[in-house]
file start_14.cif (mmCIF, C-alpha atoms)
data_structure
loop_
_atom_site.label_atom_id
_atom_site.label_comp_id
_atom_site.auth_asym_id
_atom_site.auth_seq_id
_atom_site.Cartn_x
_atom_site.Cartn_y
_atom_site.Cartn_z
CA MET A 1 -4.43 -53.83 36.39
CA LEU A 2 -3.19 -51.07 38.66
CA VAL A 3 0.17 -51.02 36.87
CA ALA A 4 -1.53 -50.89 33.45
CA ALA A 5 -3.66 -47.90 34.48
CA ILE A 6 -0.57 -45.99 35.67
CA VAL A 7 1.21 -46.67 32.38
CA LEU A 8 -1.77 -45.50 30.25
CA SER A 9 -2.13 -42.34 32.36
CA ALA A 10 1.52 -41.49 31.81
CA VAL A 11 1.24 -42.04 28.06
CA GLY A 12 -1.87 -39.80 27.79
CA ALA A 13 -0.19 -37.01 29.73
CA GLY A 14 2.78 -37.18 27.40
CA CYS A 15 0.58 -36.92 24.33
CA ASP A 16 -1.30 -33.89 25.70
CA GLN A 17 1.96 -32.14 26.49
CA GLY A 18 3.33 -32.82 22.97
CA GLY A 19 0.20 -31.44 21.23
CA THR A 20 0.29 -28.25 23.24
CA THR A 21 3.96 -27.75 22.40
CA GLN A 22 3.25 -28.13 18.63
CA VAL A 23 0.45 -25.50 18.65
CA GLN A 24 2.65 -23.07 20.55
CA SER A 25 5.44 -23.68 18.04
CA GLN A 26 3.09 -22.82 15.11
CA GLN A 27 1.92 -19.65 16.86
CA LYS A 28 5.50 -18.55 17.39
CA GLY A 29 6.50 -19.28 13.70
CA VAL A 30 7.25 -16.55 11.04
CA PRO A 31 4.08 -15.47 9.05
CA PRO A 32 4.05 -16.08 5.29
CA PRO A 33 5.13 -13.15 2.98
CA PRO A 34 2.30 -10.80 1.88
CA THR A 35 0.82 -11.31 -1.56
CA VAL A 36 1.02 -8.44 -4.06
CA THR A 37 0.12 -8.07 -7.73
CA VAL A 38 3.01 -7.21 -10.04
CA SER A 39 3.21 -6.34 -13.72
CA LYS A 40 5.82 -5.34 -16.24
CA PRO A 41 5.38 -1.81 -17.64
CA LEU A 42 3.82 -1.49 -21.06
CA GLN A 43 5.84 0.00 -23.91
CA ARG A 44 4.21 2.06 -26.66
CA GLU A 45 5.39 4.59 -29.24
CA ILE A 46 3.57 7.82 -28.45
CA THR A 47 3.53 11.49 -29.37
CA GLU A 48 3.18 14.04 -26.61
CA TRP A 49 0.94 17.08 -26.98
CA ASP A 50 0.95 20.41 -25.15
CA GLU A 51 -2.49 21.73 -24.31
CA TYR A 52 -3.63 25.38 -24.24
CA THR A 53 -6.79 27.40 -23.92
CA GLY A 54 -7.79 29.12 -27.15
CA ARG A 55 -10.46 31.49 -28.37
CA PHE A 56 -12.12 31.57 -31.77
CA GLU A 57 -12.05 34.75 -33.83
CA ALA A 58 -13.45 35.53 -37.25
CA VAL A 59 -11.14 35.69 -40.22
CA GLU A 60 -12.98 38.81 -41.42
CA THR A 61 -14.87 41.31 -39.27
CA VAL A 62 -16.56 44.38 -40.74
CA GLU A 63 -18.34 47.28 -39.05
CA ILE A 64 -21.05 48.53 -41.39
CA ARG A 65 -21.12 52.34 -41.49
CA ALA A 66 -22.62 54.75 -44.01
CA ARG A 67 -20.31 56.62 -46.38
CA VAL A 68 -22.80 59.45 -46.81
CA SER A 69 -25.15 61.08 -44.34
CA GLY A 70 -28.89 60.80 -44.74
CA TYR A 71 -32.13 59.36 -43.43
CA LEU A 72 -32.36 55.58 -43.25
CA THR A 73 -35.42 54.40 -45.19
CA GLU A 74 -35.13 50.63 -45.71
CA LEU A 75 -33.63 47.51 -44.06
CA HIS A 76 -33.26 44.33 -46.09
CA PHE A 77 -32.15 41.70 -43.58
CA LYS A 78 -33.20 40.00 -40.36
CA ASP A 79 -31.05 40.24 -37.27
CA GLY A 80 -28.55 37.39 -37.06
CA GLN A 81 -29.10 35.98 -40.53
CA ALA A 82 -26.41 34.74 -42.90
CA VAL A 83 -25.60 37.16 -45.71
CA LYS A 84 -23.53 36.93 -48.87
CA GLN A 85 -21.14 39.43 -50.33
CA GLY A 86 -23.09 42.03 -52.31
CA ASP A 87 -26.43 41.50 -50.55
CA LEU A 88 -28.39 44.74 -50.00
CA LEU A 89 -28.58 45.65 -46.31
CA PHE A 90 -29.64 49.32 -45.90
CA VAL A 91 -31.07 52.05 -48.12
CA LEU A 92 -30.76 55.78 -47.39
CA ASP A 93 -33.04 58.46 -48.82
CA ALA A 94 -31.52 58.95 -52.29
CA ARG A 95 -33.49 62.01 -53.45
CA PRO A 96 -30.96 64.68 -52.35
CA PHE A 97 -28.18 62.78 -54.08
CA GLU A 98 -30.23 62.35 -57.25
CA ARG A 99 -30.75 66.12 -57.43
CA THR A 100 -27.02 66.70 -56.92
CA LEU A 101 -26.24 64.26 -59.71
CA GLU A 102 -28.71 65.96 -62.06
CA GLN A 103 -27.10 69.31 -61.32
CA ALA A 104 -23.62 67.92 -61.98
CA GLN A 105 -24.77 66.38 -65.28
CA ALA A 106 -26.22 69.76 -66.33
CA GLU A 107 -22.89 71.42 -65.55
CA VAL A 108 -21.21 68.91 -67.82
CA LEU A 109 -23.54 69.93 -70.67
CA GLN A 110 -22.87 73.57 -69.92
CA ALA A 111 -19.11 73.03 -70.03
CA GLN A 112 -19.36 71.05 -73.28
CA THR A 113 -21.32 73.92 -74.86
CA LYS A 114 -18.56 76.34 -73.94
CA VAL A 115 -16.05 74.03 -75.60
CA GLN A 116 -18.10 73.99 -78.79
CA ASN A 117 -18.37 77.81 -78.87
CA SER A 118 -14.67 78.24 -78.13
CA ASN A 119 -13.77 75.79 -80.86
CA LEU A 120 -15.90 77.69 -83.37
CA ASP A 121 -14.12 80.92 -82.43
CA VAL A 122 -10.76 79.28 -83.07
CA VAL A 123 -11.89 77.85 -86.43
CA ARG A 124 -13.26 81.22 -87.52
CA GLY A 125 -10.18 83.04 -86.33
CA LYS A 126 -7.67 81.11 -88.39
CA PRO A 127 -8.53 82.73 -91.80
CA LEU A 128 -8.79 86.13 -90.14
CA LEU A 129 -5.33 85.72 -88.70
CA GLU A 130 -3.96 84.71 -92.11
CA ARG A 131 -5.40 87.85 -93.66
CA ARG A 132 -4.10 89.96 -90.79
CA ILE A 133 -7.59 91.03 -89.82
CA ILE A 134 -7.01 90.05 -86.19
CA SER A 135 -3.80 90.06 -84.26
CA GLU A 136 -1.95 86.98 -83.09
CA LYS A 137 -2.75 87.88 -79.49
CA SER A 138 -6.49 87.83 -80.22
CA PHE A 139 -6.15 84.41 -81.83
CA ASP A 140 -4.09 83.14 -78.88
CA ASP A 141 -6.81 84.36 -76.52
CA ARG A 142 -9.40 82.34 -78.44
CA GLU A 143 -7.27 79.19 -78.16
CA SER A 144 -6.78 79.80 -74.43
CA LEU A 145 -10.53 80.09 -73.93
CA MET A 146 -10.98 76.79 -75.73
CA ARG A 147 -8.42 75.04 -73.51
CA GLU A 148 -10.08 76.57 -70.47
CA ALA A 149 -13.45 75.28 -71.65
CA LEU A 150 -11.98 71.76 -72.11
CA ALA A 151 -10.67 71.87 -68.55
CA GLY A 152 -14.10 73.00 -67.39
CA VAL A 153 -15.60 69.89 -68.99
CA LYS A 154 -13.23 67.65 -67.03
CA VAL A 155 -14.09 69.42 -63.78
CA ALA A 156 -17.80 69.06 -64.45
CA GLU A 157 -17.42 65.40 -65.36
CA ALA A 158 -15.48 64.76 -62.14
CA LYS A 159 -18.25 66.41 -60.14
CA ALA A 160 -20.79 64.25 -61.92
CA ARG A 161 -18.86 61.09 -61.15
CA THR A 162 -18.58 62.14 -57.50
CA ALA A 163 -22.32 62.76 -57.32
CA GLU A 164 -22.96 59.41 -58.99
CA LEU A 165 -20.66 57.68 -56.47
CA GLU A 166 -22.38 59.32 -53.50
CA LEU A 167 -25.72 58.27 -54.89
CA SER A 168 -24.50 54.66 -55.02
CA PHE A 169 -23.49 54.94 -51.36
CA THR A 170 -27.14 55.29 -50.40
CA ARG A 171 -27.47 51.56 -51.07
CA ILE A 172 -25.32 49.78 -48.46
CA THR A 173 -24.37 46.21 -49.36
CA SER A 174 -22.48 43.48 -47.52
CA PRO A 175 -18.73 43.61 -48.23
CA ILE A 176 -18.16 39.99 -47.12
CA THR A 177 -19.99 36.69 -46.73
CA GLY A 178 -20.81 35.85 -43.13
CA ARG A 179 -23.32 36.29 -40.33
CA ILE A 180 -24.78 39.70 -39.57
CA SER A 181 -25.46 41.06 -36.10
CA ARG A 182 -28.54 43.01 -35.05
CA THR A 183 -29.22 46.45 -36.50
CA GLN A 184 -28.19 49.39 -34.35
CA VAL A 185 -30.41 51.91 -36.16
CA THR A 186 -34.02 51.56 -37.25
CA ALA A 187 -35.62 53.10 -40.32
CA GLY A 188 -36.42 56.81 -40.06
CA ASN A 189 -33.27 57.79 -38.15
CA TRP A 190 -30.54 60.11 -39.35
CA VAL A 191 -27.31 58.33 -40.22
CA SER A 192 -24.06 60.29 -39.96
CA ALA A 193 -20.99 59.78 -42.13
CA GLY A 194 -17.51 61.12 -41.59
CA GLY A 195 -14.65 60.05 -39.33
CA ALA A 196 -14.79 56.72 -37.51
CA ALA A 197 -15.50 58.45 -34.18
CA ASN A 198 -18.49 60.35 -35.55
CA THR A 199 -19.90 57.81 -38.00
CA THR A 200 -23.08 55.96 -37.06
CA LEU A 201 -22.48 52.22 -36.57
CA LEU A 202 -25.26 50.35 -38.34
CA THR A 203 -24.30 46.71 -37.63
CA THR A 204 -21.39 44.28 -37.84
CA ILE A 205 -20.68 41.20 -39.97
CA VAL A 206 -18.27 38.36 -39.20
CA SER A 207 -17.18 35.63 -41.55
CA GLN A 208 -17.90 32.02 -40.53
CA ASP A 209 -15.87 29.68 -42.71
CA PRO A 210 -12.93 29.35 -42.25
CA ILE A 211 -12.33 30.55 -38.69
CA TYR A 212 -9.28 31.36 -36.57
CA ILE A 213 -8.35 29.86 -33.19
CA TYR A 214 -5.89 31.99 -31.17
CA PHE A 215 -3.82 30.69 -28.24
CA ASP A 216 -0.72 31.80 -26.29
CA VAL A 217 2.42 29.65 -26.13
CA ASN A 218 4.66 30.11 -23.10
CA GLU A 219 8.32 30.96 -23.56
CA ASN A 220 9.76 27.60 -22.51
CA ASN A 221 7.48 25.65 -24.82
CA TYR A 222 8.29 27.95 -27.72
CA ILE A 223 12.01 27.25 -27.25
CA LYS A 224 11.21 23.53 -27.11
CA TYR A 225 9.30 23.76 -30.40
CA LYS A 226 12.21 25.57 -32.06
CA ARG A 227 14.55 22.79 -30.95
CA LEU A 228 12.21 20.19 -32.39
CA ALA A 229 12.11 22.07 -35.69
CA GLU A 230 15.91 22.18 -35.75
CA ARG A 231 15.96 18.38 -35.36
CA GLY A 232 13.65 18.03 -38.36
CA VAL A 233 10.35 17.28 -36.61
CA ASN A 234 7.91 18.53 -39.26
CA SER A 235 4.94 18.76 -36.90
CA ALA A 236 6.73 21.07 -34.44
CA ALA A 237 4.58 24.03 -33.42
CA ALA A 238 7.32 26.52 -34.29
CA GLU A 239 6.72 25.91 -38.00
CA LEU A 240 3.79 27.23 -40.02
CA GLY A 241 1.55 24.43 -41.26
CA ALA A 242 2.02 22.31 -38.12
CA PRO A 243 -1.07 20.34 -37.04
CA VAL A 244 -3.30 21.82 -34.34
CA GLU A 245 -6.10 19.83 -32.72
CA VAL A 246 -9.14 21.51 -31.19
CA ALA A 247 -11.92 20.43 -28.82
CA LEU A 248 -14.90 22.24 -27.38
CA PRO A 249 -15.39 22.16 -23.59
CA ASP A 250 -18.03 19.40 -23.79
CA GLU A 251 -16.05 17.10 -26.11
CA ARG A 252 -13.81 14.14 -25.31
CA GLY A 253 -10.54 13.97 -27.14
CA PHE A 254 -9.69 16.46 -29.86
CA PRO A 255 -11.90 15.69 -32.87
CA HIS A 256 -11.35 18.92 -34.86
CA LYS A 257 -8.28 19.60 -36.99
CA ALA A 258 -6.59 22.90 -37.76
CA ARG A 259 -3.22 24.03 -39.02
CA LEU A 260 -0.86 26.66 -37.66
CA ASP A 261 -0.79 29.67 -39.98
CA PHE A 262 0.59 32.51 -37.82
CA LEU A 263 3.16 33.14 -35.07
CA ASP A 264 3.66 36.63 -33.72
CA ASN A 265 6.99 38.35 -34.32
CA ARG A 266 7.77 38.87 -30.62
CA LEU A 267 6.92 37.58 -27.17
CA ASP A 268 4.72 39.60 -24.87
CA GLN A 269 7.06 40.98 -22.19
CA GLY A 270 4.28 41.17 -19.63
CA THR A 271 3.12 37.54 -19.89
CA GLY A 272 6.15 35.84 -21.45
CA THR A 273 3.93 34.26 -24.12
CA LEU A 274 3.83 34.22 -27.90
CA ARG A 275 0.52 34.61 -29.73
CA ALA A 276 -0.16 31.75 -32.15
CA ARG A 277 -3.07 31.13 -34.51
CA GLY A 278 -4.58 28.16 -36.23
CA VAL A 279 -7.06 28.19 -39.10
CA MET A 280 -9.74 25.56 -39.55
CA ALA A 281 -12.87 24.81 -41.54
CA ASN A 282 -16.26 25.76 -40.10
CA ALA A 283 -18.72 24.72 -42.79
CA SER A 284 -21.32 23.63 -40.24
CA GLY A 285 -21.09 26.90 -38.30
CA LEU A 286 -20.39 25.04 -35.03
CA PHE A 287 -17.64 27.44 -33.98
CA SER A 288 -18.50 31.05 -33.26
CA PRO A 289 -16.14 34.01 -32.75
CA GLY A 290 -15.49 34.53 -29.05
CA LEU A 291 -16.01 30.85 -28.14
CA PHE A 292 -13.40 29.18 -25.90
CA ALA A 293 -11.83 25.85 -26.86
CA ARG A 294 -9.06 23.48 -25.83
CA VAL A 295 -6.09 23.42 -28.20
CA ARG A 296 -3.14 21.08 -28.38
CA VAL A 297 0.00 20.98 -30.49
CA THR A 298 2.85 18.49 -30.82
CA GLY A 299 5.04 18.73 -27.73
CA ALA A 300 7.69 16.10 -28.46
CA ALA A 301 8.90 13.82 -31.22
CA PRO A 302 7.46 10.27 -31.18
CA TYR A 303 9.31 7.98 -28.77
CA LEU A 304 9.01 4.57 -27.09
CA ALA A 305 7.44 5.18 -23.68
CA VAL A 306 7.29 3.09 -20.49
CA LEU A 307 3.74 3.10 -19.05
CA LEU A 308 2.31 2.35 -15.61
CA PRO A 309 -1.02 2.95 -13.86
CA ASP A 310 -1.10 5.83 -11.39
CA ASP A 311 -2.14 3.39 -8.62
CA ALA A 312 1.31 1.82 -8.79
CA ILE A 313 3.08 5.12 -8.13
CA GLY A 314 3.84 6.24 -4.61
CA THR A 315 4.84 9.70 -3.46
CA ASP A 316 6.63 11.32 -0.58
CA GLN A 317 7.47 14.94 0.07
CA THR A 318 10.07 15.17 -2.68
CA ASN A 319 9.91 12.14 -4.99
CA LYS A 320 7.66 9.84 -6.96
CA PHE A 321 8.57 6.17 -6.65
CA VAL A 322 7.51 2.59 -7.41
CA TYR A 323 8.32 -0.73 -5.73
CA VAL A 324 9.87 -3.45 -7.87
CA VAL A 325 10.11 -7.15 -6.98
CA GLY A 326 13.22 -9.21 -7.68
CA GLU A 327 13.42 -12.88 -8.67
CA ASP A 328 13.76 -13.87 -4.99
CA GLY A 329 10.66 -11.85 -4.01
CA SER A 330 12.58 -9.01 -2.37
CA VAL A 331 11.19 -5.47 -2.69
CA ALA A 332 13.28 -2.49 -3.86
CA ARG A 333 12.37 1.16 -4.36
CA ARG A 334 12.88 3.07 -7.63
CA ASN A 335 12.65 6.86 -7.73
CA ILE A 336 11.09 7.86 -11.05
CA LYS A 337 10.32 10.90 -13.16
CA LEU A 338 6.82 11.05 -14.60
CA GLY A 339 5.41 12.23 -17.89
CA PRO A 340 1.90 12.66 -19.30
CA LEU A 341 -1.08 10.32 -19.31
CA TYR A 342 -1.55 8.03 -22.29
CA GLU A 343 -4.86 6.16 -22.60
CA GLY A 344 -5.20 5.79 -18.83
CA LEU A 345 -1.55 4.96 -18.07
CA ARG A 346 1.21 7.27 -16.88
CA VAL A 347 4.44 7.73 -18.84
CA VAL A 348 7.57 7.04 -16.76
CA ARG A 349 10.37 9.10 -18.23
CA GLU A 350 13.26 8.00 -16.01
CA GLY A 351 14.16 5.55 -13.25
CA LEU A 352 12.47 2.34 -14.42
CA ALA A 353 13.40 -0.40 -16.87
CA ALA A 354 10.75 -2.06 -19.02
CA GLU A 355 11.84 -5.55 -17.83
CA GLU A 356 11.26 -4.92 -14.12
CA TRP A 357 8.25 -6.28 -12.23
CA VAL A 358 6.39 -3.43 -10.53
CA ILE A 359 3.88 -3.73 -7.70
CA ILE A 360 0.59 -2.39 -9.06
CA ARG A 361 -1.71 -3.58 -6.22
CA GLY A 362 -0.88 -4.13 -2.59
CA LEU A 363 1.56 -1.24 -2.45
CA GLN A 364 0.67 -0.56 1.20
CA ARG A 365 1.79 -4.08 2.19
CA ALA A 366 5.26 -3.69 0.69
CA ARG A 367 8.38 -2.06 2.08
CA PRO A 368 11.91 -1.92 0.69
CA GLY A 369 13.95 -4.91 1.86
CA ILE A 370 11.09 -7.28 2.73
CA LYS A 371 10.01 -10.27 0.71
CA VAL A 372 6.59 -10.68 -0.89
CA THR A 373 4.70 -13.30 -2.80
CA PRO A 374 4.23 -11.80 -6.31
CA LYS A 375 1.13 -12.51 -8.32
CA ARG A 376 1.94 -11.65 -11.93
CA GLU A 377 -0.59 -9.92 -14.16
CA ALA A 378 -0.41 -8.28 -17.60
CA LEU A 379 -1.17 -4.57 -17.98
CA THR A 380 -3.70 -3.31 -20.55
CA LEU A 381 -4.45 0.12 -21.93
CA SER A 382 -7.57 2.02 -20.99
CA ALA A 383 -10.74 1.00 -22.80
CA ALA A 384 -11.54 4.65 -23.44
CA PRO A 385 -11.75 5.36 -27.19
CA ALA A 386 -8.97 7.35 -28.77
CA ALA A 387 -8.54 8.54 -32.34
CA LYS A 388 -4.83 7.70 -32.35
CA PRO A 389 -1.97 7.23 -29.86
CA VAL A 390 -1.47 10.64 -28.29
CA ALA A 391 -0.49 11.96 -24.89
CA LYS A 392 -1.27 15.15 -23.07
CA ALA A 393 1.69 16.84 -21.48
CA GLN A 394 1.49 17.82 -17.83
CA GLU A 395 1.11 21.47 -17.05
#
call {"tool": "encode", "arguments": {"input": "start_14.cif", "output": "structure tokens"}}
result
Amino acid sequence: MLVAAIVLSAVGAGCDQGGTTQVQSQQKGVPPPPTVTVSKPLQREITEWDEYTGRFEAVETVEIRARVSGYLTELHFKDGQAVKQGDLLFVLDARPFERTLEQAQAEVLQAQTKVQNSNLDVVRGKPLLERRIISEKSFDDRESLMREALAGVKVAEAKARTAELELSFTRITSPITGRISRTQVTAGNWVSAGGAANTTLLTTIVSQDPIYIYFDVNENNYIKYKRLAERGVNSAAAELGAPVEVALPDERGFPHKARLDFLDNRLDQGTGTLRARGVMANASGLFSPGLFARVRVTGAAPYLAVLLPDDAIGTDQTNKFVYVVGEDGSVARRNIKLGPLYEGLRVVREGLAAEEWVIIRGLQRARPGIKVTPKREALTLSAAPAAKPVAKAQE
């Protein structure tokens, strides 16, 4: 029995020592590779857009001023209302102009009477000249008086037409269709006519539909657009008729369409920009002159882009980079060049192939040269609605 107890004690001690050695061996073993999520970049054909800040301006703007001086007697509009071409706006006191017209018409009658008398003298003088009762000089004088009387009629008629025109100027009508501003002068005040500096401003009218959107294109982008036009890209912003998309500050996307209809003939030397203009419909009156808007134009020809989420992109002091995982699980770094956003994903212009597996989550657990356990996942575009595949170029 004593011998059996010694043997069992020795066996138990050996087992305890072996178990402790196994646990220590597991604690000293190499940890498993970290798990990361990897995806292949998406590929989509996209069109890049360059974005600018624009301002709306009216196609037609008119300052309403009187052509004749006088007292303002009537107003026929409400401040801010829509008016049509030919609508009566202001009326000046017409009585002085009516008297002037009556006087001019009387002078016309007076001149016509002189013509009749002179003509009678010529008719009566012809037989007298034939019978040598009057001299040729006397007859020539009668004809001269008749021609002078005819000229007097034309002068009087011109004065009458001038008086009639000035009388019509007492009724001031709208020269365009649009929206009128507030009146600057109330009834009973004297309105002055004359040069622009001395003429009384009554109000202003701006057209509403269509409307212009002005924006400034920087020098580098303008050269880029010219190159696109040379390559036959019809939507390039260096060509008139190119599409322009517009959005108000509170709108998502660019729901409004315009077309390029003007490019200035030279760049501004102070700012290095070229003034451009789009024209668009404004039937609803949503856009008002002076309103700011976001504008974008085609910045590049359509191309097949490689897309990644921004979370997968790392950065250091000089470069943007991503980590790719090989077939054996090893991590490698790729320096990349970025482009614009497209439906929530970033365009990668250079440095990455579409077939490579990129770490999109767990980037902080990866380093070049180590091995990881990749968990593969497919990328999807943003769920945000978009009218069509477009991209906004980086500033």
call {"tool": "closest_residue", "arguments": {"input": "start_14.cif", "among": "A:Ser118, A:Asn218, A:Gly54, A:Ala187", "to": "Val246 of chain A", "atoms": "all atoms listed in the file"}}
result
A:Gly54
call {"tool": "closest_residue", "arguments": {"input": "start_14.cif", "among": "A:Arg132, A:Val295, A:Lys114, A:Val62", "to": "Pro249 of chain A", "atoms": "all atoms listed in the file"}}
result
A:Val295
call {"tool": "resolve_selection", "arguments": {"input": "start_14.cif", "expression": "the PyMOL selection byres ((chain A and resi 258-267) around 9)", "output": "number ranges by chain"}}
result
A: 212-213, 218-219, 237-246, 256-257, 268-281
call {"tool": "closest_residue", "arguments": {"input": "start_14.cif", "among": "A:Pro309, A:Leu341, A:Val325, A:Asp140", "to": "Lys375 of chain A", "atoms": "all atoms listed in the file"}}
result
A:Val325
call {"tool": "closest_residue", "arguments": {"input": "start_14.cif", "among": "A:Tyr71, A:Trp357, A:Phe321, A:Trp49", "to": "Ser192 of chain A", "atoms": "all atoms listed in the file"}}
result
A:Tyr71
call {"tool": "closest_residue", "arguments": {"input": "start_14.cif", "among": "A:Thr170, A:Asn220, A:Thr373, A:Thr73", "to": "Trp190 of chain A", "atoms": "all atoms listed in the file"}}
result
A:Thr73
call {"tool": "resolve_selection", "arguments": {"input": "start_14.cif", "expression": "the PyMOL selection byres ((chain A and resi 167) around 12)", "output": "list in words"}}
result
Ala66, Arg67, Val68, Ser69, Gly70, Val91, Leu92, Asp93, Ala94, Arg95, Pro96, Phe97, Glu98, Arg99, Thr100, Leu101, Glu102, Ala160, Arg161, Thr162, Ala163, Glu164, Leu165, Glu166, Ser168, Phe169, Thr170, Arg171 and Ile172 of chain A
call {"tool": "residues_around", "arguments": {"input": "start_14.cif", "residues": "Ala151 of chain A", "least_positions_apart": "3", "cutoff": "12 Å", "atoms": "all atoms listed in the file", "output": "list in words"}}
result
Val108, Ala111, Gln112, Lys114, Val115, Ser144, Leu145, Met146, Arg147, Glu148, Lys154, Val155, Ala156, Glu157 and Ala158 of chain A
call {"tool": "resolve_selection", "arguments": {"input": "start_14.cif", "expression": "the PyMOL selection byres ((chain A and resi 57) around 6)", "output": "ChimeraX atom specification"}}
result
/A:56,58,212,289-290
call {"tool": "residues_near_point", "arguments": {"input": "start_14.cif", "point": "(-17.4, 20.3, -29.5)", "cutoff": "12 Å", "atoms": "all atoms listed in the file", "output": "number ranges by chain"}}
result
A: 245-257, 282, 284-288, 291-295
call {"tool": "write_last_selection", "arguments": {"input": "start_14.cif", "atoms": "C-alpha atoms", "output": "PDB file, in the coordinates of the input"}}
result
ATOM      1  CA  GLU A 245      -6.100  19.830 -32.720  1.00  0.00           C
ATOM      2  CA  VAL A 246      -9.140  21.510 -31.190  1.00  0.00           C
ATOM      3  CA  ALA A 247     -11.920  20.430 -28.820  1.00  0.00           C
ATOM      4  CA  LEU A 248     -14.900  22.240 -27.380  1.00  0.00           C
ATOM      5  CA  PRO A 249     -15.390  22.160 -23.590  1.00  0.00           C
ATOM      6  CA  ASP A 250     -18.030  19.400 -23.790  1.00  0.00           C
ATOM      7  CA  GLU A 251     -16.050  17.100 -26.110  1.00  0.00           C
ATOM      8  CA  ARG A 252     -13.810  14.140 -25.310  1.00  0.00           C
ATOM      9  CA  GLY A 253     -10.540  13.970 -27.140  1.00  0.00           C
ATOM     10  CA  PHE A 254      -9.690  16.460 -29.860  1.00  0.00           C
ATOM     11  CA  PRO A 255     -11.900  15.690 -32.870  1.00  0.00           C
ATOM     12  CA  HIS A 256     -11.350  18.920 -34.860  1.00  0.00           C
ATOM     13  CA  LYS A 257      -8.280  19.600 -36.990  1.00  0.00           C
ATOM     14  CA  ASN A 282     -16.260  25.760 -40.100  1.00  0.00           C
ATOM     15  CA  SER A 284     -21.320  23.630 -40.240  1.00  0.00           C
ATOM     16  CA  GLY A 285     -21.090  26.900 -38.300  1.00  0.00           C
ATOM     17  CA  LEU A 286     -20.390  25.040 -35.030  1.00  0.00           C
ATOM     18  CA  PHE A 287     -17.640  27.440 -33.980  1.00  0.00           C
ATOM     19  CA  SER A 288     -18.500  31.050 -33.260  1.00  0.00           C
ATOM     20  CA  LEU A 291     -16.010  30.850 -28.140  1.00  0.00           C
ATOM     21  CA  PHE A 292     -13.400  29.180 -25.900  1.00  0.00           C
ATOM     22  CA  ALA A 293     -11.830  25.850 -26.860  1.00  0.00           C
ATOM     23  CA  ARG A 294      -9.060  23.480 -25.830  1.00  0.00           C
ATOM     24  CA  VAL A 295      -6.090  23.420 -28.200  1.00  0.00           C
TER      25      VAL A 295
END
call {"tool": "closest_residue", "arguments": {"input": "start_14.cif", "among": "A:Gly329, A:Pro32, A:Gly314, A:Gly344", "to": "Gly369 of chain A", "atoms": "all atoms listed in the file"}}
result
A:Gly329
call {"tool": "atom_distance", "arguments": {"input": "start_14.cif", "atom1": "atom CA of Tyr303 of chain A", "atom2": "atom CA of Glu45 of chain A"}}
result
5.2 Å
call {"tool": "atom_distance", "arguments": {"input": "start_14.cif", "atom1": "atom CA of Tyr222 of chain A", "atom2": "atom CA of Ala301 of chain A"}}
result
14.6 Å
call {"tool": "atom_distance", "arguments": {"input": "start_14.cif", "atom1": "atom CA of Ser39 of chain A", "atom2": "atom CA of Gly326 of chain A"}}
result
12.0 Å
call {"tool": "axis_aligned_box", "arguments": {"input": "start_14.cif", "around": "segment 335-351 of chain A", "padding_each_side": "8 Å", "output": "lines of an AutoDock Vina configuration file"}}
result
center_x = 4.5
center_y = 8.8
center_z = -15.2
size_x = 35.4
size_y = 23.7
size_z = 30.9
call {"tool": "residues_around", "arguments": {"input": "start_14.cif", "residues": "Tyr323 of chain A", "least_positions_apart": "3", "cutoff": "7 Å", "atoms": "all atoms listed in the file", "output": "PyMOL selection string"}}
result
chain A and resi 331-334+358-359
call {"tool": "decode", "arguments": {"input": "start_14.cif", "residues": "segment 243-251 of chain A", "atoms": "N, CA and C atoms", "output": "mmCIF file, in the first residue's frame"}}
result
data_model
loop_
_atom_site.group_PDB
_atom_site.id
_atom_site.type_symbol
_atom_site.label_atom_id
_atom_site.label_comp_id
_atom_site.auth_asym_id
_atom_site.auth_seq_id
_atom_site.Cartn_x
_atom_site.Cartn_y
_atom_site.Cartn_z
ATOM 1 N N PRO A 243 -24.736 72.910 -71.390
ATOM 2 C CA PRO A 243 -25.675 72.851 -70.265
ATOM 3 C C PRO A 243 -25.089 73.469 -69.000
ATOM 4 N N VAL A 244 -25.941 74.156 -68.273
ATOM 5 C CA VAL A 244 -25.600 74.745 -66.970
ATOM 6 C C VAL A 244 -26.695 74.322 -66.000
ATOM 7 N N GLU A 245 -26.301 73.820 -64.837
ATOM 8 C CA GLU A 245 -27.261 73.393 -63.830
ATOM 9 C C GLU A 245 -27.184 74.327 -62.634
ATOM 10 N N VAL A 246 -28.355 74.633 -62.059
ATOM 11 C CA VAL A 246 -28.467 75.678 -61.048
ATOM 12 C C VAL A 246 -29.232 75.136 -59.847
ATOM 13 N N ALA A 247 -28.825 75.576 -58.660
ATOM 14 C CA ALA A 247 -29.515 75.203 -57.420
ATOM 15 C C ALA A 247 -29.510 76.385 -56.480
ATOM 16 N N LEU A 248 -30.620 76.590 -55.792
ATOM 17 C CA LEU A 248 -30.697 77.604 -54.755
ATOM 18 C C LEU A 248 -30.005 77.099 -53.496
ATOM 19 N N PRO A 249 -29.657 78.000 -52.565
ATOM 20 C CA PRO A 249 -28.904 77.567 -51.380
ATOM 21 C C PRO A 249 -29.604 76.499 -50.546
ATOM 22 N N ASP A 250 -30.932 76.424 -50.576
ATOM 23 C CA ASP A 250 -31.639 75.464 -49.730
ATOM 24 C C ASP A 250 -32.012 74.179 -50.475
ATOM 25 N N GLU A 251 -31.482 73.971 -51.680
ATOM 26 C CA GLU A 251 -31.859 72.820 -52.481
ATOM 27 C C GLU A 251 -30.731 71.791 -52.545
#
